[in-house]
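Below you'll find the structure, written out as structure tokens, and then a few comments.
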Amino acid sequence: MYINITAQKLGANYSQSSADFVDYLEKENEGLEKEEMEHFFNQYGDEISAKEVVKEIDGNTAKLKKKEPKFYSITVSPSKYELRKLENNSEDLKRYTRELMKDYAASFNREINGRKVTVDDIKYFAKIEHQRTFKGTDFQVRENQPFATKILELKQEVRRIQQGQATGNIERLKLKIRKLEKEAPHQLNGKRIVQGMKKPGNQSHIHIIVSRKDASNSSSLSPGSKHKASEVKMHGKKVKRGFDRDQFFERTEKTFDKTFGYNRNYAETYKAKKDFMKNPKLYFAALMKLPANEKAVAFKIMGKSGIPLIPNIPTSKAKLALRVFKRLRKGAEIAVKSSSIGI
């Protein structure tokens, strides 16, 4: 499960309207018949129009300044392993969204009118999408980039020759381009993977627009707050504030597992990602303790998701992680060969 929470920002200020973002989310409906379209929904309603979403979000911004977010975007991307557990992608993801937003509300360390925040305090609208394109940050695009750069240089050279600005053998240059296209490490249907290319397989995911203000338009609920459980004085009273992201991410995993009976592998957990970034020794030690079959699954998950082995960690820890990884991988390869796991 990959969940990303961002404030919609344009330059120095935040977006003053949700209209552009809502239009962006409507793009997948273009050219579809009405019964094929995915509509916006919230905790209790279905088939909500884009116009109503914009009206509700933009009209719920009392006392917010230009330099404050008016709304947040939450993107929820289940892995292909998680998606396989769903019987009906759209309906199951809609059900999961409504449970997930209960987790979102419960992760606020504050009170409204003397009570804890509940999902009824959250003004949000969500939409299911089924397509996704490769981005510049995807490891396939990044690892293909050196080839893309060289191909672009050769194409520019061909154009200069065609325009009489240089001399050279165009056919030879085109042959080099075709060779580089084939040598790029990541291919899809015989073509080099580039930014903007549609990803194959089940790409269903959820986009959620959530208002910064609560449903009554009186209290601010910011998931961007770094204060996990602090107390501040407001109007002479002590009130809790902040949003616990760790708690939110961990709860959403448990909610998915409980809702769909999913048996989550250690490599898929939020805890594993944190261990990997903060203490690779602990991370690989935990993998070592997994049963052979689970260890095999973990390495297939890691390999197919493009997880980097040594991301932004001190050199000493990186070397340690790499040594442990190489030793562990040998064991995992044996486990893969001896297991009957079909991933």
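Quick note on naming: the chains in the structure tokens go A, B, ... in the order shown, residues restart at 1 in each chain, and ligands are numbered from 1 in order of appearance.
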Tell me, which residues of region 154-228 of chain A carry DSSP alpha helix (DSSP H), written as a VMD selection string? chain A and resid 154 to 162 170 to 183
Long-range neighbours of Gln203 (chain A) as a ChimeraX atom specification, 7 Å cut-off, only C-alpha atoms, 6 positions minimum in chain: /A:130-132
Print the selection's residues with all heavy atoms to a file, as an mmCIF file, in the first residue's frame.
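Produced file result.cif, reproduced below:
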data_model
loop_
_atom_site.group_PDB
_atom_site.id
_atom_site.type_symbol
_atom_site.label_atom_id
_atom_site.label_comp_id
_atom_site.auth_asym_id
_atom_site.auth_seq_id
_atom_site.Cartn_x
_atom_site.Cartn_y
_atom_site.Cartn_z
ATOM 1 N N HIS A 130 -8.484 3.830 -12.844
ATOM 2 C CA HIS A 130 -8.008 2.494 -13.218
ATOM 3 C C HIS A 130 -6.777 2.517 -14.113
ATOM 4 O O HIS A 130 -6.257 1.463 -14.475
ATOM 5 C CB HIS A 130 -9.124 1.710 -13.912
ATOM 6 C CG HIS A 130 -10.339 1.527 -13.058
ATOM 7 N ND1 HIS A 130 -10.353 0.702 -11.955
ATOM 8 C CD2 HIS A 130 -11.576 2.093 -13.110
ATOM 9 C CE1 HIS A 130 -11.554 0.735 -11.378
ATOM 10 N NE2 HIS A 130 -12.305 1.588 -12.057
ATOM 11 N N GLN A 131 -6.313 3.701 -14.466
ATOM 12 C CA GLN A 131 -5.133 3.820 -15.311
ATOM 13 C C GLN A 131 -4.061 4.617 -14.591
ATOM 14 O O GLN A 131 -4.343 5.449 -13.747
ATOM 15 C CB GLN A 131 -5.482 4.506 -16.642
ATOM 16 C CG GLN A 131 -6.419 3.707 -17.513
ATOM 17 C CD GLN A 131 -6.759 4.429 -18.812
ATOM 18 O OE1 GLN A 131 -6.326 5.555 -19.049
ATOM 19 N NE2 GLN A 131 -7.540 3.788 -19.649
ATOM 20 N N ARG A 132 -2.820 4.361 -14.970
ATOM 21 C CA ARG A 132 -1.701 5.110 -14.418
ATOM 22 C C ARG A 132 -0.591 5.153 -15.462
ATOM 23 O O ARG A 132 -0.411 4.203 -16.213
ATOM 24 C CB ARG A 132 -1.213 4.444 -13.129
ATOM 25 C CG ARG A 132 -0.046 5.138 -12.507
ATOM 26 C CD ARG A 132 0.261 4.581 -11.128
ATOM 27 N NE ARG A 132 -0.356 5.422 -10.107
ATOM 28 C CZ ARG A 132 -1.172 4.996 -9.176
ATOM 29 N NH1 ARG A 132 -1.513 3.732 -9.134
ATOM 30 N NH2 ARG A 132 -1.666 5.816 -8.282
#
Just want the 10 Å neighbourhood of Glu99 (chain A), counted on only C-alpha atoms, with same-chain residues fewer than 2 positions away dropped. Output as a list of chain:residue names.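 In the requested format, the answer is A:Gln43, A:Leu93, A:Lys94, A:Arg95, A:Tyr96, A:Thr97, A:Met101, A:Lys102, A:Asp103, A:Tyr104, A:Val119, A:Thr252, A:Thr255, A:Phe256, A:Thr259.
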Write the selection just made, keeping N, CA, C and O atoms, as a CSV table (one decimal), in the first residue's frame?
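Okay, this is what ended up in part-v6.csv:
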chain,number,residue,atom,x,y,z
A,43,GLN,N,-18.6,9.7,2.1
A,43,GLN,CA,-18.9,8.7,3.1
A,43,GLN,C,-20.3,8.2,3.0
A,43,GLN,O,-20.5,7.0,3.2
A,93,LEU,N,-12.9,-0.9,-3.5
A,93,LEU,CA,-12.1,0.2,-3.2
A,93,LEU,C,-12.9,1.4,-2.6
A,93,LEU,O,-12.4,2.1,-1.8
A,94,LYS,N,-14.2,1.5,-3.1
A,94,LYS,CA,-15.1,2.5,-2.5
A,94,LYS,C,-15.3,2.2,-1.0
A,94,LYS,O,-15.3,3.0,-0.2
A,95,ARG,N,-15.6,0.9,-0.8
A,95,ARG,CA,-15.8,0.4,0.6
A,95,ARG,C,-14.6,0.7,1.5
A,95,ARG,O,-14.7,1.2,2.6
A,96,TYR,N,-13.4,0.4,0.9
A,96,TYR,CA,-12.2,0.6,1.6
A,96,TYR,C,-11.9,2.1,1.9
A,96,TYR,O,-11.5,2.4,3.0
A,97,THR,N,-12.2,2.9,1.0
A,97,THR,CA,-12.1,4.4,1.2
A,97,THR,C,-12.8,4.9,2.4
A,97,THR,O,-12.4,5.6,3.2
A,101,MET,N,-11.1,6.5,5.6
A,101,MET,CA,-11.4,7.9,6.1
A,101,MET,C,-11.8,7.9,7.6
A,101,MET,O,-11.6,8.9,8.3
A,102,LYS,N,-12.2,6.8,8.1
A,102,LYS,CA,-12.5,6.7,9.6
A,102,LYS,C,-11.1,6.7,10.3
A,102,LYS,O,-10.9,7.3,11.3
A,103,ASP,N,-10.1,6.0,9.7
A,103,ASP,CA,-8.8,6.0,10.2
A,103,ASP,C,-8.1,7.4,10.1
A,103,ASP,O,-7.4,7.8,11.0
A,104,TYR,N,-8.4,8.1,9.0
A,104,TYR,CA,-7.9,9.4,8.9
A,104,TYR,C,-8.4,10.3,10.0
A,104,TYR,O,-7.6,11.0,10.6
A,119,VAL,N,-15.3,10.7,11.4
A,119,VAL,CA,-15.4,10.8,10.0
A,119,VAL,C,-16.5,11.8,9.6
A,119,VAL,O,-16.4,12.4,8.5
A,252,THR,N,-4.3,2.1,8.2
A,252,THR,CA,-4.9,1.8,6.9
A,252,THR,C,-4.5,0.4,6.4
A,252,THR,O,-5.3,-0.2,5.7
A,255,THR,N,-6.7,-2.0,8.3
A,255,THR,CA,-8.1,-1.9,7.9
A,255,THR,C,-8.2,-2.7,6.6
A,255,THR,O,-9.2,-3.4,6.4
A,256,PHE,N,-7.3,-2.6,5.7
A,256,PHE,CA,-7.3,-3.3,4.4
A,256,PHE,C,-7.3,-4.8,4.7
A,256,PHE,O,-8.1,-5.6,4.1
A,259,THR,N,-10.5,-6.0,6.3
A,259,THR,CA,-11.7,-5.8,5.3
A,259,THR,C,-11.7,-6.9,4.3
A,259,THR,O,-12.7,-7.5,3.9
Near-region 247-250 of chain A list (12 Å; only C-alpha atoms; drop same-chain fewer than 6 positions) as a PyMOL selection string: chain A and resi 1-5+74+76+99-109+223+228-229+256-257+268-274
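Take the candidates A:Glu157, A:Glu253, A:Glu38, A:Glu111 and check each one against Ser219 (chain A) using only C-alpha atoms; the shortest distance goes to A:Glu111.
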Residues within 10 Å of Leu154 (chain A), only C-alpha atoms, excluding chain neighbours under 3 positions, as number ranges by chain: A: 148-151, 157-160, 170, 173-174, 176-177
Would you export the selected residues with N, CA and C atoms as a CSV table (one decimal), in the first residue's frame, please?
chain,number,residue,atom,x,y,z
A,148,ALA,N,17.9,7.5,-23.0
A,148,ALA,CA,17.0,8.6,-23.5
A,148,ALA,C,17.8,9.8,-23.9
A,149,THR,N,18.8,10.1,-23.0
A,149,THR,CA,19.6,11.3,-23.3
A,149,THR,C,20.5,11.1,-24.6
A,150,LYS,N,21.0,9.9,-24.7
A,150,LYS,CA,21.9,9.7,-25.9
A,150,LYS,C,21.0,9.6,-27.2
A,151,ILE,N,19.8,9.0,-27.1
A,151,ILE,CA,18.9,9.0,-28.2
A,151,ILE,C,18.5,10.4,-28.7
A,157,GLU,N,21.2,15.5,-33.8
A,157,GLU,CA,22.3,15.4,-34.8
A,157,GLU,C,21.7,15.1,-36.2
A,158,VAL,N,20.7,14.2,-36.2
A,158,VAL,CA,20.0,13.9,-37.5
A,158,VAL,C,19.3,15.1,-38.1
A,159,ARG,N,18.6,15.8,-37.2
A,159,ARG,CA,17.9,17.0,-37.7
A,159,ARG,C,18.9,18.1,-38.2
A,160,ARG,N,20.1,18.2,-37.5
A,160,ARG,CA,21.0,19.2,-38.0
A,160,ARG,C,21.5,18.9,-39.4
A,170,ILE,N,23.2,9.8,-42.0
A,170,ILE,CA,21.9,9.8,-41.3
A,170,ILE,C,21.5,8.3,-41.0
A,173,LEU,N,23.4,6.9,-38.1
A,173,LEU,CA,22.8,7.5,-36.8
A,173,LEU,C,21.5,6.9,-36.4
A,174,LYS,N,20.6,6.6,-37.4
A,174,LYS,CA,19.3,6.0,-37.1
A,174,LYS,C,19.5,4.6,-36.6
A,176,LYS,N,22.1,3.6,-34.9
A,176,LYS,CA,22.5,3.7,-33.5
A,176,LYS,C,21.3,3.9,-32.6
A,177,ILE,N,20.4,4.8,-33.0
A,177,ILE,CA,19.2,5.1,-32.3
A,177,ILE,C,18.4,3.8,-32.0
Counting only C-alpha atoms, the residue among A:Thr118, A:Leu64, A:Lys155, A:Arg142 that lies closest to Leu175 (chain A) is A:Lys155
Sel. of strand (DSSP E or B) residues, region 130-302 of chain A, as a ChimeraX atom specification: /A:133,187-188,191-192,198,205-214,220,231-234,237-240,243
List the neighbours of Asp121 (chain A) out to 9 Å using only C-alpha atoms; skip same-chain residues closer than 6 positions along the sequence, and give me the result as a list of chain:residue names. A:Ala105, A:Ile112, A:Lys213, A:Asp214, A:Ala215, A:Ser216
Length of the CA of Glu36 (chain A) to CA of Ile48 (chain A) vector [Å]: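 Going from CA of Glu36 (chain A) over to CA of Ile48 (chain A), I get 14.9 Å.
Comparing the minimum interatomic distances between Ala267 (chain A) and each of A:Lys63, A:Lys300, A:Lys179, A:His205, counting only C-alpha atoms, we find that A:Lys300 sits nearest.
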